[in-house]
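A quick write-up on the structure given underneath.
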Amino acid sequence: MSAPVATASVRAAPGDRFDRRLARFRARFEDEINGYLAAKRTSSTGDPIGLPMVDAIESLVRAGGKRLRPALVYHSYRLCGGLDDDRVMPMAMATELLHTYLLIHDDIMDHAATRRGAPTAHVRFRRFHEGAQWPGDAAHFGRSMAILAGDLAHTWAAERFRTAIAEGVGPRTRTALDTTFAAMCEEVIHGQYLEMLLPYEADTSEADVLAVLSMKSGRYSCEQPIELGARLAGGSEELLEPLVRFGSAVGEAFQIQDDILGVFGNPERTGKPVGSDLREGKYTVLVHHTLRRSDSERRARFTKLLGRANLTEAEVHEARDIIRSSGGLDVVKAMVETRFGNAASALEDLPSEAEAYDFFAGLLDYLRDREA
């Protein structure tokens with residue numbers, strides 16, 4: 001058994017506790033996942049397609065990100081008394097590789113050219129085809145190979161999950177973990193499917209939009225990684241219930257914040273072009289409340305702007321003005337604050353003296369401080 005990433009030392013100041021714990025975790029996690037990817041690279045040596053597929057996955061994994069999902073797995077495991085890093089790290093890697101698979105497929109559906117400042121997987125494979133001067137449709141080749149790369153990342157995620165539960169996990173816990181991981185894989189796909197249908201629904205309600213948000217991101221990003229870590233540690237229901245409640249609240253708050261940042265965010269911080277979500281035509285809770293609260297003239301104009309790939313900067317500003325004037329932005333910000341309040345309430349039901357408690361309290365501070 002390896003030494004834990006973080007020990008219960010002097011309590012960090014509120015402003016530092018999340019960043020410090022996350023930095024310590026990330027240092028170990030990067031070593032683990034890079035070692036895993038290096039092994040996969042070695043096993044693909046000599047395969048003219050296999051290596052570019054590993055390259056595409058590795059490039060996206062190494063491009064950055066806070067590693068919040070694997071960090072939530074790890075710290076919920078620690079908070080519930082788990083001590084074996086060699087067991088929890090494969091589970092943490094499973095969530096990151098699952099996320100990688102979904103990002104690759106999302107970029108195809110969104111026709112995205114870049115991700116985290118680098119070419120997306122389907123663009124990489126299109127260029128691979130063009131560079132080889134092969135006959136046929138390079139764009140189709142790029143999309144097809146990216147789908148396979150995403151599928152491969154999903155296969156690796158399942159492999160890491162099976163490694164985590166291979167030994168020392170009782171049958172009841174194994175069943176619970178299987179159920180949670182399967183739900184994590186399935187619900188996010190179902191949520192993506194429903195999200196694509198939302199713009200075509202005649203009478204979409206807030207409940208419909210929030211259901212998509214929960215399945216597509218809230219549960220998958222926070223609640224289910226927390227549950228995986230807690231159950232892997234054999235955490236009690238008394239700990240699991242407030243942890244899951246916390247995860248549900250911050251997961252929804254995080255996604256609603258992202259919807260705001262997708263329209264009003266600073267590209268240098270978000271990694272997205274200005275107005276990218278407007279150009280993609282995403283039917284977010286922000287869009288929903290803008291349409292519901294605008295007069296007929298502004299609603300018609302906003303609808304005309306939404307989903308136009310060639311939207312100009314001036315038109316992005318116009319769409320933002322409609323969102324603000326409708327009151328939609330204020331409503332959605334209030335929804336975020338409500339969820340932060342729910343998360344804070346859940347924290348009160350967790351033992352503040354527990355090792356890793358600071359991570360969850362610091363995460364809430366971090367999310368509240370996110371800025372456009």
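Chain labels run A, B, ... following the order of the structure tokens; each chain numbers its residues from 1, and ligands are numbered from 1 in the order shown.
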Members of region 247-315 of chain A assigned alpha helix (DSSP H) by DSSP, as number ranges by chain:
A: 247-264, 267-270, 276-280, 285-293, 296-305, 313-315
Taking N, CA and C atoms for each residue, export the selection above as a short mmCIF file (atom, residue, chain, number, x, y, z; two decimals), in the first residue's frame.
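Below is the file again-v1.cif, written as the result:
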data_model
loop_
_atom_site.label_atom_id
_atom_site.label_comp_id
_atom_site.auth_asym_id
_atom_site.auth_seq_id
_atom_site.Cartn_x
_atom_site.Cartn_y
_atom_site.Cartn_z
N GLY A 247 -22.80 16.57 -3.58
CA GLY A 247 -22.41 16.38 -4.97
C GLY A 247 -23.50 16.79 -5.94
N SER A 248 -24.74 16.46 -5.60
CA SER A 248 -25.86 16.84 -6.46
C SER A 248 -25.98 18.36 -6.57
N ALA A 249 -25.85 19.04 -5.44
CA ALA A 249 -26.00 20.50 -5.43
C ALA A 249 -24.86 21.20 -6.17
N VAL A 250 -23.62 20.83 -5.87
CA VAL A 250 -22.51 21.52 -6.53
C VAL A 250 -22.40 21.11 -7.99
N GLY A 251 -22.82 19.89 -8.33
CA GLY A 251 -22.80 19.46 -9.72
C GLY A 251 -23.72 20.31 -10.58
N GLU A 252 -24.93 20.56 -10.09
CA GLU A 252 -25.86 21.41 -10.84
C GLU A 252 -25.37 22.86 -10.86
N ALA A 253 -24.88 23.35 -9.73
CA ALA A 253 -24.38 24.72 -9.68
C ALA A 253 -23.23 24.90 -10.67
N PHE A 254 -22.33 23.94 -10.72
CA PHE A 254 -21.17 24.00 -11.61
C PHE A 254 -21.62 24.07 -13.06
N GLN A 255 -22.61 23.24 -13.45
CA GLN A 255 -23.04 23.23 -14.84
C GLN A 255 -23.79 24.51 -15.21
N ILE A 256 -24.63 25.00 -14.29
CA ILE A 256 -25.34 26.25 -14.58
C ILE A 256 -24.34 27.39 -14.71
N GLN A 257 -23.33 27.40 -13.85
CA GLN A 257 -22.26 28.40 -13.99
C GLN A 257 -21.60 28.28 -15.36
N ASP A 258 -21.32 27.06 -15.81
CA ASP A 258 -20.70 26.87 -17.12
C ASP A 258 -21.58 27.40 -18.24
N ASP A 259 -22.90 27.25 -18.08
CA ASP A 259 -23.82 27.79 -19.08
C ASP A 259 -23.71 29.31 -19.14
N ILE A 260 -23.55 29.94 -17.98
CA ILE A 260 -23.36 31.39 -17.95
C ILE A 260 -22.02 31.77 -18.59
N LEU A 261 -20.96 31.02 -18.22
CA LEU A 261 -19.63 31.31 -18.74
C LEU A 261 -19.54 31.05 -20.24
N GLY A 262 -20.36 30.14 -20.75
CA GLY A 262 -20.37 29.86 -22.17
C GLY A 262 -20.87 31.03 -23.00
N VAL A 263 -21.55 31.97 -22.35
CA VAL A 263 -22.06 33.16 -23.04
C VAL A 263 -21.30 34.41 -22.61
N PHE A 264 -21.01 34.51 -21.31
CA PHE A 264 -20.42 35.73 -20.76
C PHE A 264 -18.97 35.55 -20.32
N PRO A 267 -12.66 34.15 -22.65
CA PRO A 267 -12.07 33.00 -23.35
C PRO A 267 -10.74 32.54 -22.78
N GLU A 268 -9.95 33.47 -22.21
CA GLU A 268 -8.66 33.10 -21.65
C GLU A 268 -8.83 32.22 -20.41
N ARG A 269 -9.97 32.34 -19.75
CA ARG A 269 -10.23 31.52 -18.56
C ARG A 269 -11.05 30.28 -18.87
N THR A 270 -11.99 30.41 -19.80
CA THR A 270 -12.89 29.29 -20.09
C THR A 270 -12.33 28.34 -21.13
N SER A 276 -19.49 30.86 -27.76
CA SER A 276 -19.47 29.54 -28.40
C SER A 276 -20.78 28.78 -28.19
N ASP A 277 -21.35 28.87 -27.00
CA ASP A 277 -22.60 28.15 -26.74
C ASP A 277 -23.76 28.72 -27.54
N LEU A 278 -23.73 30.03 -27.78
CA LEU A 278 -24.76 30.65 -28.62
C LEU A 278 -24.64 30.15 -30.05
N ARG A 279 -23.42 30.10 -30.55
CA ARG A 279 -23.21 29.63 -31.93
C ARG A 279 -23.62 28.17 -32.08
N GLU A 280 -23.39 27.37 -31.05
CA GLU A 280 -23.76 25.96 -31.11
C GLU A 280 -25.26 25.76 -30.91
N VAL A 285 -30.39 26.29 -19.49
CA VAL A 285 -31.36 26.91 -18.60
C VAL A 285 -31.34 28.43 -18.78
N LEU A 286 -30.19 28.98 -19.14
CA LEU A 286 -30.10 30.41 -19.42
C LEU A 286 -30.91 30.78 -20.66
N VAL A 287 -30.79 29.99 -21.70
CA VAL A 287 -31.58 30.21 -22.92
C VAL A 287 -33.06 30.05 -22.63
N HIS A 288 -33.39 29.02 -21.86
CA HIS A 288 -34.80 28.76 -21.54
C HIS A 288 -35.45 29.96 -20.87
N HIS A 289 -34.81 30.51 -19.86
CA HIS A 289 -35.41 31.63 -19.13
C HIS A 289 -35.39 32.92 -19.95
N THR A 290 -34.41 33.05 -20.83
CA THR A 290 -34.41 34.21 -21.72
C THR A 290 -35.61 34.17 -22.65
N LEU A 291 -35.87 33.03 -23.24
CA LEU A 291 -37.01 32.90 -24.16
C LEU A 291 -38.34 33.06 -23.42
N ARG A 292 -38.42 32.50 -22.23
CA ARG A 292 -39.67 32.59 -21.47
C ARG A 292 -39.99 34.01 -21.01
N ARG A 293 -38.97 34.82 -20.80
CA ARG A 293 -39.17 36.13 -20.19
C ARG A 293 -39.06 37.29 -21.17
N SER A 296 -42.29 39.27 -27.44
CA SER A 296 -42.33 38.53 -28.71
C SER A 296 -41.25 38.99 -29.69
N GLU A 297 -41.00 40.30 -29.73
CA GLU A 297 -40.01 40.83 -30.67
C GLU A 297 -38.60 40.36 -30.30
N ARG A 298 -38.24 40.50 -29.01
CA ARG A 298 -36.91 40.09 -28.58
C ARG A 298 -36.75 38.57 -28.63
N ARG A 299 -37.84 37.85 -28.34
CA ARG A 299 -37.79 36.39 -28.42
C ARG A 299 -37.50 35.94 -29.85
N ALA A 300 -38.17 36.58 -30.80
CA ALA A 300 -37.96 36.23 -32.21
C ALA A 300 -36.52 36.53 -32.63
N ARG A 301 -36.01 37.68 -32.19
CA ARG A 301 -34.65 38.04 -32.55
C ARG A 301 -33.63 37.10 -31.91
N PHE A 302 -33.83 36.77 -30.64
CA PHE A 302 -32.92 35.86 -29.95
C PHE A 302 -32.94 34.49 -30.61
N THR A 303 -34.12 34.03 -30.97
CA THR A 303 -34.24 32.73 -31.63
C THR A 303 -33.50 32.72 -32.96
N LYS A 304 -33.53 33.85 -33.65
CA LYS A 304 -32.84 33.95 -34.93
C LYS A 304 -31.33 33.92 -34.76
N LEU A 305 -30.85 34.50 -33.66
CA LEU A 305 -29.41 34.52 -33.39
C LEU A 305 -28.90 33.17 -32.91
N GLU A 313 -19.28 39.12 -33.57
CA GLU A 313 -19.08 39.59 -32.20
C GLU A 313 -20.18 40.57 -31.81
N ALA A 314 -20.59 41.42 -32.75
CA ALA A 314 -21.67 42.37 -32.46
C ALA A 314 -22.97 41.64 -32.16
N GLU A 315 -23.23 40.56 -32.86
CA GLU A 315 -24.45 39.79 -32.64
C GLU A 315 -24.39 39.03 -31.31
#
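Looking only at region 109-345 of chain A, the set that DSSP places in strand (DSSP E) from backbone geometry is A:Thr114, A:Arg115, A:Ala118, A:Pro119.
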Written selection (N, CA and C atoms) as an mmCIF file, in the first residue's frame:
data_model
loop_
_atom_site.group_PDB
_atom_site.id
_atom_site.type_symbol
_atom_site.label_atom_id
_atom_site.label_comp_id
_atom_site.auth_asym_id
_atom_site.auth_seq_id
_atom_site.Cartn_x
_atom_site.Cartn_y
_atom_site.Cartn_z
ATOM 1 N N THR A 114 -11.221 22.987 -31.891
ATOM 2 C CA THR A 114 -10.196 22.965 -30.850
ATOM 3 C C THR A 114 -10.815 22.574 -29.512
ATOM 4 N N ARG A 115 -9.976 22.055 -28.659
ATOM 5 C CA ARG A 115 -10.336 21.712 -27.286
ATOM 6 C C ARG A 115 -9.114 21.981 -26.427
ATOM 7 N N ALA A 118 -5.959 23.016 -28.339
ATOM 8 C CA ALA A 118 -5.324 22.088 -29.282
ATOM 9 C C ALA A 118 -6.385 21.544 -30.242
ATOM 10 N N PRO A 119 -5.967 21.015 -31.393
ATOM 11 C CA PRO A 119 -6.945 20.443 -32.321
ATOM 12 C C PRO A 119 -7.723 19.300 -31.672
#
Against region 90-96 of chain A, which residues of region 178-200 of chain A fall within 12 Å? For each one I want the closest pair of atoms and the distance in Å (one decimal), counting only C-alpha atoms, rows by chain and increasing residue number, as JSON lines.
{"residue": "A:Asp178", "atom": "CA", "partner": "A:Met91", "partner_atom": "CA", "distance": 11.7}
{"residue": "A:Thr180", "atom": "CA", "partner": "A:Thr95", "partner_atom": "CA", "distance": 11.7}
{"residue": "A:Phe181", "atom": "CA", "partner": "A:Thr95", "partner_atom": "CA", "distance": 8.9}
{"residue": "A:Ala182", "atom": "CA", "partner": "A:Thr95", "partner_atom": "CA", "distance": 11.7}
{"residue": "A:Met184", "atom": "CA", "partner": "A:Thr95", "partner_atom": "CA", "distance": 9.1}
{"residue": "A:Cys185", "atom": "CA", "partner": "A:Thr95", "partner_atom": "CA", "distance": 9.6}
Mind checking which residues fall within 10 Å of region 227-244 of chain A, counting only C-alpha atoms, ignoring those fewer than 3 positions away in the same chain, and posting them as a VMD selection string?
chain A and resid 70 to 84 87 to 89 91 to 92 95 161 164 to 165 168 to 170 173 to 174 176 to 181 184 219 222 to 224 247 to 250 343 345 to 351 360
Nearby residues (only C-alpha atoms) at most 10 Å from Gly281 (chain A), same-chain spacing under 6 positions excluded, as number ranges by chain:
A: 110, 196, 199, 275, 287, 303, 305-309
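Among the candidate residues A:Gly50, A:Thr100, A:Gly131, A:Pro273, the one lying nearest to Ala113 (chain A) is A:Pro273, with distances computed using only C-alpha atoms.
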Here CA of Glu195 (chain A) and CA of Leu68 (chain A) stand apart by 23.1 Å
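Closest approach to Arg245 (chain A) from the set A:Ala112, A:Ile226, A:Ala23, A:Ile104 is made by A:Ile226, with distances taken over only C-alpha atoms.
CA of Val61 (chain A) is positioned 18.8 Å from CA of Arg143 (chain A).
Take CA of Met145 (chain A) and CA of His105 (chain A): the distance between them is 10.7 Å.
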Once you count only C-alpha atoms, what closest atom pair and distance in Å to one decimal does each residue of region 15-85 of chain A within 10 Å of region 149-155 of chain A have, with rows by chain and rising residue number, as CSV?
residue,atom,partner,partner_atom,distance
A:Gly50,CA,A:Ala149,CA,9.1
A:Pro52,CA,A:Ala149,CA,9.1
A:Met53,CA,A:Ala149,CA,5.5
A:Val54,CA,A:Ala149,CA,7.6
A:Asp55,CA,A:Ala149,CA,9.5
A:Ala56,CA,A:Ala149,CA,7.2
A:Ile57,CA,A:Ala149,CA,6.8
A:Glu58,CA,A:Ala153,CA,9.6
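Distance annotation: of A:Ala132, A:Glu167, A:Asp321, A:Ile147, the residue with the minimal separation from Thr120 (chain A) is A:Ile147; atom set is only C-alpha atoms.
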What lies within 10 Å of Arg62 (chain A) using only C-alpha atoms, ignoring chain neighbours under 3 positions off, as a ChimeraX atom specification?
/A:30,33-34,57-59,65,116
